[in-house]
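Asks: run-v2.txt is reproduced below (compact mmCIF, C-alpha atoms).
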```
# COMPACT_ATOMS: atom_id res chain seq x y z
CA MET A 15 13.68 21.73 4.97
CA LEU A 16 12.62 18.30 3.70
CA ALA A 17 11.62 17.37 7.25
CA VAL A 18 9.49 20.49 7.34
CA LEU A 19 7.78 19.57 4.09
CA PHE A 20 7.14 16.06 5.33
CA ALA A 21 5.62 17.36 8.54
CA CYS A 22 3.36 19.66 6.58
CA SER A 23 2.18 16.82 4.34
CA ALA A 24 1.01 14.76 7.31
CA GLN A 25 -1.93 16.96 8.07
CA SER A 26 -2.30 16.24 11.77
CA GLN A 27 1.38 16.77 12.53
CA THR A 28 2.92 20.01 13.77
CA LEU A 29 3.89 22.67 11.24
CA TYR A 30 7.50 23.26 12.25
CA GLU A 31 7.79 26.24 9.90
CA PRO A 32 5.21 29.03 10.30
CA LEU A 33 2.97 29.38 7.30
CA TYR A 34 3.63 33.12 7.18
CA GLU A 35 7.42 32.80 6.72
CA PHE A 36 8.87 32.97 3.21
CA PRO A 37 11.60 30.32 2.89
CA GLY A 38 13.15 31.54 -0.35
CA ASN A 39 14.77 29.44 -3.09
CA ARG A 40 11.42 27.89 -4.01
CA SER A 41 9.46 27.99 -7.26
CA SER A 42 5.96 26.51 -7.27
CA ARG A 43 4.83 24.52 -10.30
CA VAL A 44 1.91 22.32 -11.38
CA SER A 45 2.04 19.91 -14.30
CA SER A 46 -1.28 19.14 -16.01
CA PHE A 47 -2.57 18.76 -19.55
CA GLU A 48 -3.19 22.53 -19.47
CA ASN A 49 0.57 23.07 -18.90
CA LEU A 50 2.60 19.89 -19.11
CA ASN A 51 5.69 20.03 -16.86
CA GLY A 52 4.53 23.32 -15.37
CA LYS A 53 6.47 25.62 -17.70
CA LYS A 54 6.61 29.20 -16.44
CA GLY A 55 4.01 31.45 -18.04
CA SER A 56 2.66 28.66 -20.27
CA GLY A 57 -0.57 27.63 -18.57
CA ALA A 58 -4.12 27.85 -19.96
CA MET A 59 -2.99 28.65 -23.50
CA THR A 60 -5.47 26.44 -25.35
CA ASN A 61 -8.97 27.52 -26.45
CA LYS A 62 -8.02 31.20 -26.11
CA THR A 63 -7.32 30.75 -22.35
CA ALA A 64 -10.72 29.18 -21.62
CA LYS A 65 -10.98 25.60 -20.41
CA GLY A 66 -9.57 23.67 -23.33
CA HIS A 67 -7.34 20.78 -22.27
CA ALA A 68 -8.64 19.33 -19.01
CA PHE A 69 -8.07 15.68 -19.93
CA GLU A 70 -6.72 13.30 -22.52
CA VAL A 71 -7.87 9.82 -23.50
CA ILE A 72 -5.35 7.08 -22.78
CA LYS A 73 -5.92 4.26 -25.24
CA PRO A 74 -5.04 0.58 -24.77
CA GLY A 75 -1.28 0.19 -25.08
CA GLU A 76 -0.71 3.94 -24.82
CA THR A 77 1.55 5.76 -22.34
CA LYS A 78 0.77 9.24 -20.99
CA THR A 79 3.53 11.30 -19.37
CA LEU A 80 2.40 13.40 -16.41
CA LEU A 81 5.79 14.92 -15.60
CA ASP A 82 9.24 14.83 -17.21
CA ILE A 83 11.71 17.42 -15.92
CA ASN A 84 15.47 17.66 -15.49
CA ASN A 85 15.84 19.71 -12.36
CA SER A 86 16.01 19.54 -8.58
CA GLY A 87 12.88 19.66 -6.50
CA ILE A 88 10.16 17.94 -4.49
CA ILE A 89 6.84 16.53 -5.66
CA GLN A 90 4.29 17.66 -3.09
CA ARG A 91 0.96 16.29 -4.33
CA ILE A 92 -0.48 14.10 -7.05
CA TRP A 93 -4.17 14.36 -7.90
CA LEU A 94 -5.92 12.46 -10.67
CA THR A 95 -9.15 10.90 -11.71
CA VAL A 96 -10.00 8.37 -14.41
CA ASP A 97 -12.95 6.25 -15.46
CA GLN A 98 -13.18 4.17 -12.33
CA ASN A 99 -13.92 0.48 -12.56
CA PRO A 100 -11.95 -2.39 -11.03
CA LEU A 101 -10.44 -3.64 -14.29
CA MET A 102 -9.32 -0.18 -15.37
CA LEU A 103 -7.76 0.69 -12.01
CA ARG A 104 -5.71 -2.53 -12.13
CA SER A 105 -4.91 -2.21 -15.85
CA LEU A 106 -3.48 1.32 -15.60
CA ARG A 107 0.17 1.05 -14.58
CA LEU A 108 1.72 3.95 -12.63
CA GLN A 109 5.49 4.43 -12.87
CA LEU A 110 7.80 7.02 -11.28
CA PHE A 111 11.47 7.43 -12.22
CA TRP A 112 14.14 9.46 -10.43
CA GLU A 113 17.36 11.07 -11.65
CA GLY A 114 16.99 9.94 -15.26
CA GLY A 115 16.99 6.26 -14.33
CA SER A 116 15.66 3.57 -16.63
CA LYS A 117 14.15 1.43 -13.83
CA PRO A 118 11.06 2.81 -12.08
CA ALA A 119 11.13 3.36 -8.33
CA VAL A 120 7.34 3.07 -8.38
CA ASP A 121 5.72 0.40 -10.56
CA VAL A 122 2.21 -0.41 -9.36
CA PRO A 123 -1.44 -0.60 -10.45
CA LEU A 124 -2.94 2.89 -10.34
CA GLY A 125 -5.85 2.19 -8.00
CA ASP A 126 -3.77 0.21 -5.52
CA PHE A 127 -1.21 3.02 -5.25
CA PHE A 128 -3.92 5.33 -3.92
CA GLY A 129 -5.35 2.71 -1.53
CA SER A 130 -8.16 1.46 -3.77
CA ASN A 131 -6.89 -2.10 -3.66
CA LEU A 132 -10.18 -3.71 -4.62
CA GLY A 133 -10.93 -1.28 -7.44
CA ARG A 134 -13.86 0.07 -5.39
CA PRO A 135 -13.02 3.74 -4.63
CA VAL A 136 -14.41 4.69 -1.23
CA ALA A 137 -14.23 8.19 0.27
CA PHE A 138 -11.55 8.33 2.97
CA GLN A 139 -8.89 10.66 4.37
CA SER A 140 -5.50 9.62 5.74
CA ALA A 141 -2.27 11.49 6.41
CA LEU A 142 -0.79 10.59 3.02
CA PHE A 143 -3.74 9.69 0.78
CA SER A 144 -7.34 10.67 0.25
CA THR A 145 -10.13 9.70 -2.10
CA ALA A 146 -12.48 12.65 -2.33
CA GLU A 147 -16.08 11.42 -2.39
CA GLY A 148 -14.82 8.16 -3.91
CA ARG A 149 -14.36 9.92 -7.26
CA SER A 150 -10.72 11.04 -7.36
CA PHE A 151 -7.33 10.24 -5.85
CA ASN A 152 -4.81 12.35 -3.91
CA CYS A 153 -1.29 11.55 -2.69
CA TYR A 154 0.61 13.91 -0.37
CA ILE A 155 3.87 11.97 0.01
CA PRO A 156 6.87 14.30 -0.43
CA MET A 157 9.13 12.94 -3.19
CA PRO A 158 12.51 14.73 -3.53
CA PHE A 159 14.84 14.47 -6.54
CA ARG A 160 18.16 16.10 -7.43
CA LYS A 161 18.45 15.85 -11.21
CA GLY A 162 15.09 14.83 -12.61
CA ALA A 163 11.70 13.20 -12.21
CA ARG A 164 9.39 11.40 -14.62
CA ILE A 165 5.85 10.13 -14.01
CA GLN A 166 3.92 8.08 -16.53
CA ILE A 167 0.80 5.95 -16.77
CA ILE A 168 0.51 3.00 -19.17
CA ASN A 169 -2.85 1.59 -20.20
CA GLU A 170 -2.26 -2.16 -20.30
CA SER A 171 -5.88 -3.14 -20.81
CA GLU A 172 -6.70 -5.02 -24.00
CA LYS A 173 -9.51 -2.84 -25.34
CA GLU A 174 -10.71 -0.21 -22.86
CA ALA A 175 -9.68 3.47 -23.06
CA ALA A 176 -9.92 5.94 -20.18
CA LYS A 177 -10.25 9.68 -19.71
CA LEU A 178 -7.36 10.91 -17.58
CA PHE A 179 -7.35 14.17 -15.58
CA PHE A 180 -4.37 15.03 -13.36
CA ASP A 181 -2.30 17.61 -11.47
CA VAL A 182 1.25 17.08 -10.21
CA ASP A 183 2.16 19.83 -7.75
CA TYR A 184 5.87 20.30 -7.13
CA LEU A 185 8.57 22.72 -6.00
CA LEU A 186 11.73 23.56 -7.87
CA THR A 187 14.60 24.02 -5.40
CA ASN A 188 18.29 23.21 -5.11
CA ASP A 189 18.14 23.48 -1.33
CA LEU A 190 17.91 19.76 -0.53
CA PRO A 191 19.77 18.13 2.38
CA SER A 192 22.50 15.61 1.65
CA THR A 193 20.52 12.91 3.45
CA ILE A 194 17.43 12.83 1.19
CA LEU A 195 15.75 9.51 0.53
CA TYR A 196 13.93 8.58 -2.68
CA PHE A 197 10.33 7.42 -2.62
CA HIS A 198 9.63 3.85 -3.78
CA CYS A 199 6.54 1.69 -4.04
CA CYS A 200 5.95 -1.95 -5.03
CA TRP A 201 2.97 -4.29 -5.43
CA ASN A 202 2.46 -8.00 -4.82
CA ARG A 203 -0.46 -10.35 -5.53
CA GLN A 204 -0.23 -13.59 -3.60
CA LYS A 205 -2.50 -16.63 -3.45
CA SER A 206 -0.52 -19.26 -1.61
CA LEU A 207 -0.75 -22.95 -2.40
CA LYS A 208 -0.57 -24.30 1.13
CA PRO A 209 -1.25 -23.08 4.69
CA GLY A 210 1.74 -21.71 6.56
CA GLU A 211 3.18 -19.41 3.89
CA ASP A 212 3.43 -15.74 4.84
CA VAL A 213 2.27 -12.95 2.54
CA LEU A 214 5.17 -10.82 1.36
CA ILE A 215 4.32 -7.18 2.00
CA LEU A 216 7.77 -5.81 1.16
CA PRO A 217 10.36 -8.12 -0.41
CA MET A 218 13.95 -7.80 0.76
CA VAL A 219 15.20 -4.25 0.15
CA ARG A 220 18.91 -3.52 0.52
CA GLY A 221 20.15 -0.10 1.49
CA ARG A 222 19.24 2.56 4.01
CA GLY A 223 15.75 3.96 4.29
CA ARG A 224 12.37 4.07 5.93
CA PHE A 225 9.30 1.85 5.65
CA LEU A 226 6.32 4.22 5.30
CA GLY A 227 3.59 1.60 5.43
CA MET A 228 1.24 -0.43 3.30
CA SER A 229 -2.24 -0.80 1.88
CA ALA A 230 -3.81 -4.12 0.98
CA ALA A 231 -6.85 -6.01 -0.15
CA VAL A 232 -7.78 -9.53 0.85
CA LEU A 233 -10.27 -11.67 -1.02
CA VAL A 234 -11.27 -14.11 1.66
CA ASP A 235 -11.56 -17.76 0.61
CA SER A 236 -15.23 -18.66 1.12
CA THR A 237 -14.40 -22.32 1.78
CA TYR A 238 -13.46 -21.20 5.30
CA GLU A 239 -17.12 -20.16 5.71
CA ASN A 240 -17.74 -17.78 8.62
CA THR A 241 -14.39 -18.12 10.35
CA TRP A 242 -12.18 -15.05 10.81
CA TRP A 243 -9.23 -14.45 8.46
CA GLY A 244 -7.23 -11.76 10.29
CA GLU A 245 -5.23 -13.35 13.11
CA GLY A 246 -1.91 -13.14 11.26
CA GLU A 247 0.97 -11.13 12.71
CA VAL A 248 3.01 -8.58 10.74
CA LYS A 249 6.73 -9.38 10.89
CA ILE A 250 9.40 -6.77 10.09
CA PHE A 251 12.91 -8.12 9.50
CA LEU A 252 15.55 -5.42 10.00
CA ASP A 253 19.27 -5.14 9.27
CA GLY A 254 20.34 -8.76 9.01
CA ASP A 255 17.41 -10.52 10.71
CA SER A 256 17.09 -14.03 9.27
CA ALA A 257 14.80 -16.61 10.88
CA SER A 258 13.19 -14.23 13.38
CA PRO A 259 12.16 -10.58 12.96
CA THR A 260 12.97 -7.69 15.26
CA ILE A 261 9.38 -6.40 15.10
CA ALA A 262 6.36 -8.71 15.39
CA GLY A 263 2.72 -7.77 15.90
CA THR A 264 -0.17 -9.56 17.57
CA GLY A 265 -2.73 -9.81 14.73
CA THR A 266 -3.87 -8.16 11.53
CA GLU A 267 -6.64 -6.00 12.98
CA ASP A 268 -4.28 -5.12 15.85
CA TYR A 269 -1.68 -3.90 13.35
CA LEU A 270 -4.39 -1.68 11.87
CA GLY A 271 -5.07 -0.11 15.26
CA SER A 272 -8.37 -1.91 15.81
CA GLY A 273 -9.23 -5.13 17.63
CA TRP A 274 -11.67 -8.02 18.00
CA GLY A 275 -12.43 -8.14 14.27
CA LEU A 276 -12.45 -5.44 11.62
CA GLY A 277 -15.12 -3.01 10.44
CA SER A 278 -14.99 0.08 8.24
CA PHE A 279 -13.12 3.13 9.58
CA SER A 280 -10.74 5.83 8.33
CA ASN A 281 -8.05 7.38 10.54
CA GLN A 282 -4.92 9.39 9.75
CA TYR A 283 -2.52 6.47 10.10
CA GLN A 284 -4.69 3.38 9.75
CA GLY A 285 -8.04 2.38 8.36
CA CYS A 286 -10.24 -0.19 6.67
CA THR A 287 -12.14 1.36 3.78
CA VAL A 288 -13.97 -1.83 2.80
CA ALA A 289 -15.10 -4.47 5.32
CA ASP A 290 -17.46 -6.63 3.29
CA GLY A 291 -17.94 -9.79 5.30
CA PRO A 292 -20.75 -11.27 3.15
CA GLY A 293 -18.77 -10.40 0.00
CA HIS A 294 -15.54 -11.85 1.46
CA ALA A 295 -13.53 -8.70 0.71
CA TYR A 296 -11.51 -6.24 2.81
CA ASP A 297 -9.39 -3.18 1.93
CA PHE A 298 -7.14 -1.56 4.54
CA TYR A 299 -4.03 0.58 5.16
CA ARG A 300 -1.40 1.28 7.82
CA LEU A 301 1.01 4.24 7.75
CA HIS A 302 4.13 4.39 9.95
CA LEU A 303 4.43 8.14 10.45
CA PRO A 304 4.45 8.72 14.23
CA ASP A 305 6.01 5.26 14.72
CA ALA A 306 8.87 5.43 12.22
CA ILE A 307 10.43 2.20 10.91
CA TYR A 308 14.02 2.87 9.77
CA PHE A 309 16.55 0.42 8.35
CA ASP A 310 20.31 0.80 7.89
CA ARG A 311 21.16 -2.25 5.76
CA ASN A 312 18.00 -4.07 4.69
CA ILE A 313 14.36 -4.73 5.43
CA LYS A 314 11.68 -7.32 4.68
CA VAL A 315 8.03 -7.17 5.80
CA SER A 316 5.57 -10.06 5.79
CA LEU A 317 2.15 -11.02 7.14
CA GLN A 318 1.15 -14.43 8.46
CA GLN A 319 -1.91 -16.04 6.88
CA ILE A 320 -3.62 -17.06 10.09
CA GLY A 321 -7.33 -17.07 10.83
CA GLY A 322 -9.47 -18.18 13.70
CA GLY A 323 -12.71 -19.85 14.65
CA PHE A 324 -14.40 -21.74 17.42
CA ILE A 325 -13.34 -25.34 17.85
CA SER A 326 -16.61 -26.75 16.53
CA GLU A 327 -16.31 -24.67 13.36
CA VAL A 328 -12.69 -25.60 12.77
CA ARG A 329 -13.30 -29.31 13.32
CA ALA A 330 -16.22 -29.23 10.86
CA LEU A 331 -14.07 -27.55 8.20
CA MET A 332 -11.21 -29.98 8.72
CA LYS A 333 -13.64 -32.87 8.34
CA LYS A 334 -14.61 -31.39 4.94
CA GLY A 335 -10.95 -31.35 3.89
CA VAL A 336 -10.52 -27.57 3.97
CA ALA A 337 -6.84 -26.53 4.05
CA ILE A 338 -6.32 -25.79 7.74
CA LYS A 339 -3.38 -26.21 10.10
CA PRO A 340 -4.22 -25.36 13.77
CA VAL A 341 -1.46 -23.44 15.54
CA SER A 342 -2.87 -22.37 18.91
CA VAL A 343 -5.93 -22.38 21.14
CA ASP A 344 -7.24 -19.46 23.19
CA ALA A 345 -9.21 -21.08 26.00
CA GLY A 346 -10.41 -18.38 28.34
CA LEU A 347 -7.44 -17.01 30.25
CA SER A 348 -5.06 -19.71 28.98
CA PHE A 349 -3.23 -19.82 25.66
CA TYR A 350 -1.96 -23.10 24.24
CA ARG A 351 0.74 -23.36 21.56
CA LEU A 352 -0.15 -26.39 19.46
CA LEU A 353 2.99 -26.28 17.31
CA GLU A 354 5.11 -26.64 20.44
CA GLY A 355 2.73 -29.29 21.82
CA LYS A 356 2.72 -27.72 25.26
CA ASP A 357 1.40 -24.92 27.44
CA SER A 358 3.08 -23.00 30.23
CA THR A 359 3.08 -26.15 32.39
CA GLN A 360 4.95 -28.06 29.63
CA ALA A 361 2.09 -30.56 29.38
CA ASN A 362 1.79 -32.25 25.98
CA PHE A 363 -1.54 -31.87 24.15
CA SER A 364 -3.20 -31.53 20.76
CA LEU A 365 -6.44 -30.04 19.44
CA ASP A 366 -8.24 -33.20 20.54
CA HIS A 367 -7.66 -32.18 24.16
CA PHE A 368 -10.10 -29.25 23.90
CA SER A 369 -13.89 -29.21 23.92
CA GLU A 370 -14.24 -25.44 23.52
CA GLY A 371 -12.16 -22.36 22.81
CA TRP A 372 -10.90 -20.27 19.91
CA VAL A 373 -8.55 -21.95 17.44
CA ASN A 374 -5.99 -19.96 15.46
CA PHE A 375 -5.00 -21.75 12.27
CA TYR A 376 -2.93 -21.36 9.13
CA ARG A 377 -5.13 -20.78 6.08
CA VAL A 378 -4.88 -19.49 2.51
CA ASP A 379 -6.52 -16.32 1.15
CA ASP A 380 -5.90 -13.99 -1.80
CA TYR A 381 -3.88 -10.84 -1.04
CA ALA A 382 -2.93 -7.78 -3.10
CA VAL A 383 -0.44 -5.64 -1.19
CA THR A 384 1.13 -2.24 -1.91
CA ALA A 385 4.22 -1.21 0.09
CA TYR A 386 5.47 2.39 0.43
CA TYR A 387 9.05 3.17 1.45
CA TYR A 388 11.99 5.55 1.11
CA LEU A 389 15.43 4.35 -0.01
CA ASP A 390 18.84 6.01 -0.26
CA ARG A 391 19.04 5.38 -4.01
CA PRO A 392 16.77 6.19 -6.99
CA GLU A 393 16.48 2.57 -8.19
CA ASP A 394 15.86 -0.72 -6.37
CA GLU A 395 15.97 -4.46 -7.01
CA MET A 396 12.23 -5.07 -7.29
CA PRO A 397 10.95 -7.24 -10.16
CA PRO A 398 8.68 -5.65 -12.79
CA LEU A 399 4.99 -5.35 -12.04
CA ALA A 400 3.01 -8.56 -12.55
CA GLY A 401 1.09 -8.93 -15.80
CA ILE A 402 -2.57 -8.20 -16.40
CA PRO A 403 -3.90 -11.76 -15.82
CA ILE A 404 -2.50 -11.78 -12.28
CA ARG A 405 -3.61 -8.22 -11.56
CA VAL A 406 -7.24 -8.46 -12.66
CA SER A 407 -8.23 -12.01 -11.67
CA ARG A 408 -11.21 -12.27 -9.28
CA LEU A 409 -11.83 -8.52 -9.25
CA ASN A 410 -15.51 -9.08 -9.94
CA HIS A 411 -15.73 -11.69 -7.18
```
Using structure tokens, write down the structure from this file.
Replies:
Amino acid sequence: MLAVLFACSAQSQTLYEPLYEFPGNRSSRVSSFENLNGKKGSGAMTNKTAKGHAFEVIKPGETKTLLDINNSGIIQRIWLTVDQNPLMLRSLRLQLFWEGGSKPAVDVPLGDFFGSNLGRPVAFQSALFSTAEGRSFNCYIPMPFRKGARIQIINESEKEAAKLFFDVDYLLTNDLPSTILYFHCCWNRQKSLKPGEDVLILPMVRGRGRFLGMSAAVLVDSTYENTWWGEGEVKIFLDGDSASPTIAGTGTEDYLGSGWGLGSFSNQYQGCTVADGPGHAYDFYRLHLPDAIYFDRNIKVSLQQIGGGFISEVRALMKKGVAIKPVSVDAGLSFYRLLEGKDSTQANFSLDHFSEGWVNFYRVDDYAVTAYYYLDRPEDEMPPLAGIPIRVSRLNH
């Protein structure tokens, strides 16, 4: 049944169970401020049943609970909207707990969770998330639990309050398979100190599970001028991989299903909601639904910080002292690996051997990455969410 629910949540996938069949052993509930925790027969009781409790204000330092139940079921959808500005969306901290645990399985900035990684909500529709008209957030990831679920939002801003509206749609059922996985989500902000360091999309996770995908923002370092930032390959280390991954891509825009650069687009499984070249900012996502990524023992996912530019551009930047380390040259139909110092003919060479071509090089940019995954346990080994100074820096860049 969980597989059926998952298929239904991914809107372009086949509905394995006909919509007209009644499955039984299901009770539908919605938790909102009009009926917190979705208690039976207890909705719309304020203001003599008229609209009376649509939102609450979440003050600085305050925590609002969206759901807190001790039961077995599946969260089907989360919808919410708040006062939307970049600082608020990074200051509000979303946490989800399973089975009465004390450590959250989800501990991320609110906006980033829903794919608004730059704090600039843009209307888009994917298989698991949507932002309706850029004014609200939806998540359709099925999240099963056996004994309990708790969702809360903490306002960690210093002085700004927010109006919070929400619905959490869920099913109560004790008909869950023995192989259920728990939903997890983590966030990482990384501004490396030197070229050659990969961005950590998903730190090492131990256990059995499935990598659902990621969303990310990159604030491009303007010292690299008009060169391209997105040549880095995604690397997925599976089940004991150490120095080399089992899965390796061919470039960032390639991983997102595009190519030859990156503009704005929104598809079911991949997209780029913000492609602001002049503003040096990009926001994108990639969901592994048709192309499942499973792991039996452990997983780690990273992204190389590699960009590219024409030889004349790269040489000019290097002369200025910009942090660059050339790694390869694409010269027409030939590809030269500078770090090996040779091409297919084993001839030794360096960048000085080329008068024209495209140079791929290690560089340093500013990444904020959200990773989505399932795990066979309700808690993980992730560190707590980074503090406010790290989360909100450069958001007005």
Asks: Which residue is closest to Asn61 of chain A? Choose from A:Ser130, A:Glu48, A:Asp212, A:Cys199 and count only C-alpha atoms.
Replies: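 Answer, going by the shortest atom-to-atom distance: A:Glu48.
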Asks: Between atom CA of His294 of chain A and atom CA of Arg408 of chain A, what is the spacing in Å?
Replies: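 Interatomic distance, atom CA of Arg408 of chain A to atom CA of His294 of chain A: 11.6 Å.
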Asks: Would you mind listing, for every residue of segment 53-153 of chain A within 12 Å of segment 186-190 of chain A, the two atoms forming the shortest contact and the distance between them in Å to one decimal, using all atoms listed in the file, sorted by chain and ascending residue number, as CSV?
Replies:
```
residue,atom,partner,partner_atom,distance
A:Lys53,CA,A:Leu186,CA,11.3
A:Lys54,CA,A:Leu186,CA,11.5
A:Ile83,CA,A:Leu186,CA,10.1
A:Asn84,CA,A:Leu186,CA,10.3
A:Asn85,CA,A:Leu186,CA,7.2
A:Ser86,CA,A:Asn188,CA,5.5
A:Gly87,CA,A:Leu186,CA,4.3
A:Ile88,CA,A:Leu186,CA,6.7
A:Ile89,CA,A:Leu186,CA,8.8
A:Gln90,CA,A:Leu186,CA,10.6
```
Asks: With only C-alpha atoms as the counted atoms, please give the residues lying no more than 10 Å from Ile250 of chain A, apart from itself and same-chain residues fewer than 6 positions off, as a list of chain:residue names.
Replies: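 Surrounding residues, per the criterion: A:Ile215, A:Leu216, A:Phe225, A:Ser258, A:Pro259, A:Thr260, A:Ile261, A:Ala262, A:Gly263, A:Ile307, A:Ile313, A:Lys314, A:Val315, A:Ser316, A:Leu317.
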Asks: Tell me, counting only C-alpha atoms, for each residue of segment 224-303 of chain A within 7 Å of segment 378-399 of chain A, which pair of atoms is nearest and how far apart they are in Å to one decimal, in rows ordered by chain and increasing number, as a tab-separated table.
Replies:
```
residue	atom	partner	partner_atom	distance
A:Arg224	CA	A:Tyr388	CA	5.1
A:Phe225	CA	A:Tyr387	CA	4.4
A:Leu226	CA	A:Tyr387	CA	4.8
A:Gly227	CA	A:Tyr386	CA	5.4
A:Met228	CA	A:Ala385	CA	4.4
A:Ser229	CA	A:Thr384	CA	5.3
A:Ala230	CA	A:Val383	CA	4.3
A:Ala231	CA	A:Ala382	CA	5.2
A:Val232	CA	A:Tyr381	CA	4.5
A:Leu233	CA	A:Asp380	CA	5.0
A:Val234	CA	A:Asp379	CA	5.3
A:Asp235	CA	A:Asp379	CA	5.3
```
Asks: From the list A:Val406, A:Phe159, A:Trp274, A:Gly323, which residue is nearest Leu103 of chain A when using only C-alpha atoms?
Replies: A:Val406
Asks: Could you work out how far atom CA of Thr287 of chain A lies from atom CA of Thr145 of chain A, giving the answer in Å with one decimal?
Replies: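 Result for atom CA of Thr145 of chain A versus atom CA of Thr287 of chain A: 10.4 Å, one decimal.
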Asks: What does the distance from atom CA of Ser369 of chain A to atom CA of Trp243 of chain A come to in Å, to one decimal?
Replies: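 Separation of atom CA of Ser369 of chain A and atom CA of Trp243 of chain A: 21.9 Å.
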Asks: Could you name the residues that touch segment 106-118 of chain A at 9 Å or less, counting all atoms listed in the file, but leaving out those on the same chain fewer than 2 positions away, as a ChimeraX atom specification?
Replies: /A:84-85,101-104,120-125,127,158-171,196-198,392-394,398-399
Asks: So, with all atoms listed in the file as the atoms that count, which of A:Lys334, A:Lys73, A:Lys249, A:Arg300 lies closest to Phe143 of chain A?
Replies: A:Arg300
Asks: My list of candidates is A:Val288, A:Met332, A:Leu207, A:Leu81. Which is closest to Gln319 of chain A when distances are computed with all atoms listed in the file?
Replies: A:Leu207
Asks: Could you tell me which of A:Glu327, A:Glu35, A:Asp97, A:Asp82 comes closest to Thr241 of chain A if we count only C-alpha atoms?
Replies: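 The closest residue to Thr241 of chain A is A:Glu327.
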Asks: Quick one: residues within 8 Å of Ala137 of chain A, all atoms listed in the file, excluding same-chain residues fewer than 4 positions away - as a list in words?
Replies: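 Listed by chain and then number, they are Ser144, Thr145, Ala146, Glu147, Gly148, Arg149 and Thr287 of chain A.
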Asks: Tell me which protein, DNA and RNA residues are within 7 Å of Gly322 of chain A, counting all atoms listed in the file, leaving out same-chain ones fewer than 2 positions away, and put them as a ChimeraX atom specification.
Replies: /A:241-243,245,320,372-375
Asks: Selecting N, CA and C atoms, how would segment 244-257 of chain A from this structure be written as a PDB file, in the first residue's frame?
Replies:
```pdb
ATOM      1  N   GLY A 244      29.093  25.752 -13.556  1.00  0.00           N
ATOM      2  CA  GLY A 244      28.449  24.461 -13.373  1.00  0.00           C
ATOM      3  C   GLY A 244      29.004  23.284 -14.134  1.00  0.00           C
ATOM      4  N   GLU A 245      30.326  23.087 -14.124  1.00  0.00           N
ATOM      5  CA  GLU A 245      30.908  21.917 -14.780  1.00  0.00           C
ATOM      6  C   GLU A 245      31.108  20.737 -13.817  1.00  0.00           C
ATOM      7  N   GLY A 246      30.843  20.940 -12.535  1.00  0.00           N
ATOM      8  CA  GLY A 246      31.124  19.910 -11.545  1.00  0.00           C
ATOM      9  C   GLY A 246      30.229  18.689 -11.670  1.00  0.00           C
ATOM     10  N   GLU A 247      30.798  17.519 -11.425  1.00  0.00           N
ATOM     11  CA  GLU A 247      30.074  16.257 -11.495  1.00  0.00           C
ATOM     12  C   GLU A 247      29.526  15.864 -10.126  1.00  0.00           C
ATOM     13  N   VAL A 248      28.306  15.323 -10.111  1.00  0.00           N
ATOM     14  CA  VAL A 248      27.742  14.741  -8.892  1.00  0.00           C
ATOM     15  C   VAL A 248      28.339  13.355  -8.711  1.00  0.00           C
ATOM     16  N   LYS A 249      28.767  13.056  -7.483  1.00  0.00           N
ATOM     17  CA  LYS A 249      29.353  11.757  -7.163  1.00  0.00           C
ATOM     18  C   LYS A 249      28.535  11.110  -6.046  1.00  0.00           C
ATOM     19  N   ILE A 250      28.100   9.871  -6.256  1.00  0.00           N
ATOM     20  CA  ILE A 250      27.302   9.144  -5.274  1.00  0.00           C
ATOM     21  C   ILE A 250      28.071   7.910  -4.831  1.00  0.00           C
ATOM     22  N   PHE A 251      28.489   7.915  -3.572  1.00  0.00           N
ATOM     23  CA  PHE A 251      29.267   6.831  -2.980  1.00  0.00           C
ATOM     24  C   PHE A 251      28.297   5.866  -2.295  1.00  0.00           C
ATOM     25  N   LEU A 252      28.305   4.611  -2.716  1.00  0.00           N
ATOM     26  CA  LEU A 252      27.339   3.626  -2.241  1.00  0.00           C
ATOM     27  C   LEU A 252      28.011   2.438  -1.562  1.00  0.00           C
ATOM     28  N   ASP A 253      27.496   2.042  -0.416  1.00  0.00           N
ATOM     29  CA  ASP A 253      27.767   0.747   0.205  1.00  0.00           C
ATOM     30  C   ASP A 253      29.246   0.384   0.261  1.00  0.00           C
ATOM     31  N   GLY A 254      30.023   1.256   0.895  1.00  0.00           N
ATOM     32  CA  GLY A 254      31.432   0.969   1.116  1.00  0.00           C
ATOM     33  C   GLY A 254      32.376   1.642   0.147  1.00  0.00           C
ATOM     34  N   ASP A 255      31.877   2.382  -0.845  1.00  0.00           N
ATOM     35  CA  ASP A 255      32.774   3.139  -1.724  1.00  0.00           C
ATOM     36  C   ASP A 255      33.652   4.061  -0.876  1.00  0.00           C
ATOM     37  N   SER A 256      34.927   4.175  -1.236  1.00  0.00           N
ATOM     38  CA  SER A 256      35.825   5.050  -0.470  1.00  0.00           C
ATOM     39  C   SER A 256      36.374   6.154  -1.360  1.00  0.00           C
ATOM     40  N   ALA A 257      37.457   5.897  -2.076  1.00  0.00           N
ATOM     41  CA  ALA A 257      38.069   6.955  -2.880  1.00  0.00           C
ATOM     42  C   ALA A 257      37.242   7.292  -4.110  1.00  0.00           C
TER      43      ALA A 257
END
```
